[in-house]
Structures are given as structure tokens and as C-alpha cells.
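Here's the structure, in C-alpha cells; my notes come after.
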Amino acid sequence: DGLAELTVEVDLSNGWPLPWRDFYLGDDVAVALTCPRFPEAVDANGMTGPGYTRNVRCVGWEVDFDANRLKPRLMEV
């Protein structure tokens, strides 16, 4: 039905995740996000959880070491 590409920004100041240590290009990564675009989800039992949960594939990244930022490019599998 098309391609969904996700770009997130990760703070690297805590030392993880690093793309060459914790995951590589082509790896599938489990993602759970809650943010304005994906508000918290509520199931039929009233339990809350992340607004977006998917297994996605890492297809690239940008790293800014001066700013301690990682921007992985992720595609839904």
C-alpha cells in the first residue's frame, strides 16, 4: 500500500543506542512511541500503552556527535 518512513531523533548522551554497536543497516528494530503525532492508545480493557508500536527496519541514519543526536531512518516492514 506504499511506504511509511519514520524519522526519530534520539539523545545519545546516555551512551545508547549506537547504530554500529546496538543495530546495523537492515536490522529490524522494535519501536514504541508516544508523542503528539501518536497519542497514548487505550485498549478495550482501559489499559494504556504507546500510540505507535511496530517492528521497523533501519535503512539509514545521521549522527551529530557534537549535539549528541542520532536520527535513524526507519521503514515499516
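Residues are referred to by chain and number: the chain letter is A, B, ... according to the order shown in the C-alpha cells, the number counts from 1 in that chain, and ligands are numbered separately from 1 in the order shown.
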Just the strand (DSSP E) stuff from chain A, please, per backbone DSSP, written as a PyMOL selection string.
-> chain A and resi 5-7+10-11+28-33+41-42+48-49+52-64+69-76
Can you pull out every residue within 9 Å of range 25-32 of chain A, counting only C-alpha atoms, but drop anything in the same chain fewer than 5 positions away, and send it as JSON, numbers by chain?
-> {"A": [19, 20, 49, 50, 51, 52, 53, 54, 55, 56, 57, 58, 59, 60, 61, 74, 77]}
May I have the selected residues written with C-alpha atoms, as a JSON list (two decimals), in the first residue's frame?
```
[["chain", "number", "residue", "atom", "x", "y", "z"],
["A", 19, "PRO", "CA", 23.92, 2.15, 15.27],
["A", 20, "TRP", "CA", 27.24, 0.34, 14.86],
["A", 49, "GLY", "CA", 0.08, 1.95, 26.00],
["A", 50, "PRO", "CA", 2.25, 3.58, 23.37],
["A", 51, "GLY", "CA", 0.46, 5.25, 20.49],
["A", 52, "TYR", "CA", 2.71, 3.59, 17.89],
["A", 53, "THR", "CA", 4.22, 0.13, 18.16],
["A", 54, "ARG", "CA", 5.80, -1.55, 15.16],
["A", 55, "ASN", "CA", 8.75, -3.57, 14.01],
["A", 56, "VAL", "CA", 10.66, -1.37, 11.60],
["A", 57, "ARG", "CA", 13.80, -1.80, 9.51],
["A", 58, "CYS", "CA", 16.79, 0.52, 9.83],
["A", 59, "VAL", "CA", 17.58, 1.87, 6.35],
["A", 60, "GLY", "CA", 19.99, 4.65, 7.34],
["A", 61, "TRP", "CA", 20.93, 7.21, 9.96],
["A", 74, "LEU", "CA", 13.23, 3.54, 9.77],
["A", 77, "VAL", "CA", 8.28, -3.94, 7.49]]
```
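Pairwise distance (CA of Asp66 in chain A, CA of Leu12 in chain A) equals 10.2 Å.
CA of Lys71 in chain A to CA of Glu9 in chain A spans 4.6 Å [interatomic distance, one decimal].
With CA of Leu6 in chain A on one side and CA of Leu70 in chain A on the other, the separation reads 13.2 Å.
Restricting the calculation to only C-alpha atoms, the smallest distance between Pro72 in chain A and any of A:Gly15, A:Cys35, A:Asn45, A:Thr7 is found for A:Thr7.
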